[in-house]
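Let me begin by presenting the structure, written as structure tokens, before commenting on it.
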Amino acid sequence: MPNMKFGVVVFPGSNCDHDAYDVLKRCFGQETRFLWHKDSSLGGVDVVILPGGFSYGDYLRCGAIARFSPIMKEVAAFAGRGGVVMGICNGFQILCEAGLLPGAFLRNERLNFVCDFVNLRVENAATRFTGACEKGDVLRIPIAHGEGNYYADDRTLETLENNGQILFRYCEADGSITASSNPNGSRSNIAGILNGAGNVMGLMPHPERASDPMLRNTDGGKIFRSVIESLVMKEQITDLSIS
Amino acid sequence: MFDACGDYLYLAKITVTTRKSILDPQGKAVHHALASLGMEGIVDVRIGKFIEMKIDTKTTHSAEEITREACKKLLANPVMEDFAFSVEEV
């Protein structure tokens with residue numbers, strides 16, 4: 001597996017940072033480092049991961065305070081230059097609060113914290129985050145959140161839909177999209193979205209918890225593999241253009 | 001209260017609520033609980049946040065401006081929440 005540089009941001013209250021680090025470093029053999037929330041440099045990484053957890057205790061709103069961390073200024077600038085950013089669970093909430101992804105999160109419709117496996121249908125496989133999947137694939141990945149109820153107004157939803165920015169939807173095992181497969185009340189069963197430029201992605205489920213073969217479920221690994229392969233292809237294309 | 005810097009102290013009382021068009025699951029659950037207590041006549045419950053801020057500044061107008069900016073930048077998320085506030089001299 002080719003080597004890319006990954007940076008996993010650590011906020012006070014992050015608790016999936018080591019899982020993401022371990023999967024990228026040990027399972028995928030990628031050069032991976034932690035980035036502290038007070039850092040003012042991303043240290044030359046190719047991909048930034050905002051991990052799951054409860055940054056700043058989820059005070060006020062999930063992700064509302066983390067988005068003002070010093071490192072987020074760098075992350076926003078990096079994303080603006082086309083850098084690849086991936087937000088998982090709390091990381092997705094932070095990206096929405098920061099305005100790097102559209103929408104916001106409400107309390108789960110049934111008010112309970114849900115920790116369970118869900119089925120996710122891949123809605124668009126022609127992105128750098130889903131290239132190793134086929135459109136319509138059903139991935140089985142865990143969720144663990146109390147505020148994963150994705151909300152966006154009608155116009156935003158329409159834009160997301162028309163541009164292929166909806167990457168994952170909660171679904172039944174056979175891939176059908178139903179109300180009963182929606183664990184949190186998210187509009188349109190949305191579990192993961194992409195920004196307009198295609199370089200910033202957020203998802204509520206935890207692919208890092210379903211990547212290590214030892215756990216006998218590597219569905220989540222397809223997402224990391226997609227990112228790694230897309231970057232390598234880009235590098236090869238750049239090399240060709242130079243020669 | 002007039003302090004040594006020539007500024008006044010103001011108290012801002014802010015409420016942040018989920019926009020009316022958005023379902024508030026907490027409010028709905030509390031509404032059901034009130035109904036099960038036998039309380040009649042309550043047709044809707046919505047839950048929000050109440051925030052107090054003390055502000056050291058020269059005029060009521062500037063205290064209001066500071067409060068509005070705080071609400072827009074951090075205290076409320078404009079995607080899903082509305083805010084309202086009052087400012088009084090203390």
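For the structure tokens, the naming scheme is as follows: chains receive sequential letters (A, B, ...) according to their order of presentation, residues are indexed from 1 within each chain, and ligands are indexed from 1 in presentation order.
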
Check your understanding: Counting only C-alpha atoms, which residues from chain A have an atom at most 8 Å from any atom of chain B, and could you show them as a list in words?
Key ->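 Only these qualify: Leu60, Ala64, Ile65, Glu97, Gly103, Ala104, Arg107, Asn108, Glu109, Arg110, Leu111, Tyr151 and Ala152 of chain A.
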
**Study point:** Which of region 30-83 of chain B fall in strand (DSSP E), as a ChimeraX atom specification
**Key:** /B:48-57,81-83

Would you export the selected residues with N, CA and C atoms as a PDB file, in the first residue's frame, please?
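Saved result, again-v1.pdb, follows:
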ATOM      1  N   GLY B  48     -35.425  25.222  24.833  1.00  0.00           N
ATOM      2  CA  GLY B  48     -34.302  25.969  24.270  1.00  0.00           C
ATOM      3  C   GLY B  48     -33.241  26.175  25.325  1.00  0.00           C
ATOM      4  N   LYS B  49     -32.366  27.141  25.066  1.00  0.00           N
ATOM      5  CA  LYS B  49     -31.300  27.440  26.023  1.00  0.00           C
ATOM      6  C   LYS B  49     -31.473  28.860  26.525  1.00  0.00           C
ATOM      7  N   PHE B  50     -31.097  29.077  27.794  1.00  0.00           N
ATOM      8  CA  PHE B  50     -31.107  30.415  28.361  1.00  0.00           C
ATOM      9  C   PHE B  50     -29.679  30.769  28.764  1.00  0.00           C
ATOM     10  N   ILE B  51     -29.207  31.888  28.295  1.00  0.00           N
ATOM     11  CA  ILE B  51     -27.810  32.279  28.550  1.00  0.00           C
ATOM     12  C   ILE B  51     -27.794  33.693  29.125  1.00  0.00           C
ATOM     13  N   GLU B  52     -27.001  33.904  30.168  1.00  0.00           N
ATOM     14  CA  GLU B  52     -26.805  35.261  30.697  1.00  0.00           C
ATOM     15  C   GLU B  52     -25.361  35.680  30.467  1.00  0.00           C
ATOM     16  N   MET B  53     -25.184  36.924  30.067  1.00  0.00           N
ATOM     17  CA  MET B  53     -23.813  37.448  29.896  1.00  0.00           C
ATOM     18  C   MET B  53     -23.731  38.794  30.591  1.00  0.00           C
ATOM     19  N   LYS B  54     -22.654  39.018  31.326  1.00  0.00           N
ATOM     20  CA  LYS B  54     -22.421  40.356  31.878  1.00  0.00           C
ATOM     21  C   LYS B  54     -21.462  41.071  30.941  1.00  0.00           C
ATOM     22  N   ILE B  55     -21.785  42.290  30.597  1.00  0.00           N
ATOM     23  CA  ILE B  55     -20.992  43.034  29.613  1.00  0.00           C
ATOM     24  C   ILE B  55     -20.578  44.378  30.199  1.00  0.00           C
ATOM     25  N   ASP B  56     -19.299  44.660  30.058  1.00  0.00           N
ATOM     26  CA  ASP B  56     -18.749  45.923  30.540  1.00  0.00           C
ATOM     27  C   ASP B  56     -18.568  46.834  29.335  1.00  0.00           C
ATOM     28  N   THR B  57     -19.422  47.841  29.192  1.00  0.00           N
ATOM     29  CA  THR B  57     -19.306  48.725  28.027  1.00  0.00           C
ATOM     30  C   THR B  57     -19.982  50.066  28.336  1.00  0.00           C
ATOM     31  N   GLU B  81     -31.348  27.411  14.520  1.00  0.00           N
ATOM     32  CA  GLU B  81     -31.797  28.075  15.748  1.00  0.00           C
ATOM     33  C   GLU B  81     -32.097  29.559  15.538  1.00  0.00           C
ATOM     34  N   ASP B  82     -33.024  30.075  16.373  1.00  0.00           N
ATOM     35  CA  ASP B  82     -33.300  31.505  16.447  1.00  0.00           C
ATOM     36  C   ASP B  82     -32.864  31.997  17.817  1.00  0.00           C
ATOM     37  N   PHE B  83     -32.573  33.293  17.903  1.00  0.00           N
ATOM     38  CA  PHE B  83     -32.239  33.835  19.219  1.00  0.00           C
ATOM     39  C   PHE B  83     -33.008  35.120  19.478  1.00  0.00           C
TER      40      PHE B  83
END

**Study point:** Neighbour list for Gly29 (chain A) as a list in words, cut-off 8 Å, only C-alpha atoms, skip fewer than 3 positions in-chain
**Key:**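 Once the adjacent positions are removed, what remains is Met1, Asn3, Leu24, Lys25 and Arg26 of chain A.
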
Exercise for review: Between A:Thr130, A:Gln236, A:Ser14, A:Asn124, single out the one closest to Ile223 (chain A), counting only C-alpha atoms.
Suggested key: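 Smallest distance to Ile223 (chain A) is found for A:Thr130.
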
**Study point:** Non-local contacts of Phe85 (chain B) (8 Å; only C-alpha atoms; under 5 positions in same chain excluded) as number ranges by chain
**Key:** B: 12-15, 67

Hey, could you make a per-residue contact list for region 86-194 of chain A against region 30-52 of chain A with 9 Å as the cut-off, showing the nearest pair of atoms and its distance in Å to one decimal, counting only C-alpha atoms, sorted by chain and number, as JSON lines?
{"residue": "A:Met86", "atom": "CA", "partner": "A:Ile49", "partner_atom": "CA", "distance": 4.9}
{"residue": "A:Gly87", "atom": "CA", "partner": "A:Leu50", "partner_atom": "CA", "distance": 4.6}
{"residue": "A:Ile88", "atom": "CA", "partner": "A:Pro51", "partner_atom": "CA", "distance": 5.2}
{"residue": "A:Cys89", "atom": "CA", "partner": "A:Gly52", "partner_atom": "CA", "distance": 4.9}
{"residue": "A:Asn90", "atom": "CA", "partner": "A:Gly52", "partner_atom": "CA", "distance": 4.5}
{"residue": "A:Gly91", "atom": "CA", "partner": "A:Leu50", "partner_atom": "CA", "distance": 4.5}
{"residue": "A:Phe92", "atom": "CA", "partner": "A:Leu50", "partner_atom": "CA", "distance": 7.6}
{"residue": "A:Ile94", "atom": "CA", "partner": "A:Leu50", "partner_atom": "CA", "distance": 8.1}
{"residue": "A:Leu95", "atom": "CA", "partner": "A:Leu50", "partner_atom": "CA", "distance": 8.4}

Exercise for review: Would you work out the distance separating CA of Ser86 (chain B) from CA of Ile66 (chain B), expressed in Å to one decimal?
Suggested key: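 Calculated distance between CA of Ser86 (chain B) and CA of Ile66 (chain B) is 12.0 Å.
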
Review point. What lies within 10 Å of Ile177 (chain A) using only C-alpha atoms, ignoring chain neighbours under 4 positions off, as a PyMOL selection string?
Key: chain A and resi 119-121+169-173+181-182+188-189

Please dump the current selection as a compact mmCIF listing (two decimals), in the first residue's frame; keep C-alpha atoms.
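And here's again-v4.txt as it stands now:
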# COMPACT_ATOMS: atom_id res chain seq x y z
CA ASN A 119 -26.39 -0.42 7.12
CA LEU A 120 -25.19 2.32 4.82
CA ARG A 121 -25.95 2.54 1.12
CA ARG A 169 -27.70 6.86 3.50
CA TYR A 170 -28.99 4.70 6.36
CA CYS A 171 -30.73 1.72 4.79
CA GLU A 172 -32.04 -1.80 5.35
CA ALA A 173 -29.73 -4.78 4.79
CA SER A 181 -33.56 2.02 9.10
CA ASN A 182 -33.03 5.67 10.06
CA SER A 188 -33.52 11.98 3.84
CA ASN A 189 -31.69 9.22 5.84

Review point. If you count only C-alpha atoms, which residues fall within 9 Å of Ile42 (chain B), apart from same-chain ones fewer than 4 positions away, as a ChimeraX atom specification?
Key: /B:31,34-35

Filtering to N, CA and C atoms, could you give me those residues as a PDB file, in the first residue's frame?
ATOM      1  N   HIS B  31     -43.828  17.381  26.485  1.00  0.00           N
ATOM      2  CA  HIS B  31     -45.263  17.597  26.270  1.00  0.00           C
ATOM      3  C   HIS B  31     -46.047  16.329  26.628  1.00  0.00           C
ATOM      4  N   LEU B  34     -46.125  15.853  30.410  1.00  0.00           N
ATOM      5  CA  LEU B  34     -47.077  16.754  31.063  1.00  0.00           C
ATOM      6  C   LEU B  34     -48.502  16.239  30.884  1.00  0.00           C
ATOM      7  N   ALA B  35     -48.781  15.735  29.679  1.00  0.00           N
ATOM      8  CA  ALA B  35     -50.114  15.197  29.406  1.00  0.00           C
ATOM      9  C   ALA B  35     -50.383  13.976  30.296  1.00  0.00           C
TER      10      ALA B  35
END

Practice item. Name all residues at most 9 Å from Lys58 (chain B) (count only C-alpha atoms; drop same-chain ones fewer than 5 positions away) and give them as an NGL selection string. Key: :B and (6-9 or 63)

**Study point:** Backbone-only DSSP, helix (DSSP H, G or I) members of chain B, as a list in words
**Key:**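 Secondary structure check on chain B, helix (DSSP H, G or I): Pro25, Gln26, Gly27, Lys28, Ala29, Val30, His31, His32, Ala33, Leu34, Ala35, Ser36, Thr60, His61, Ser62, Ala63, Glu64, Glu65, Ile66, Thr67, Arg68, Glu69, Ala70, Cys71, Lys72, Lys73, Leu74 and Leu75 of chain B.
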
Point to revise | Computed interatomic separation between CA of Asp174 (chain A) and CA of Val118 (chain A) (Å) | key: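 One can read the CA of Asp174 (chain A) to CA of Val118 (chain A) distance as 12.0 Å.
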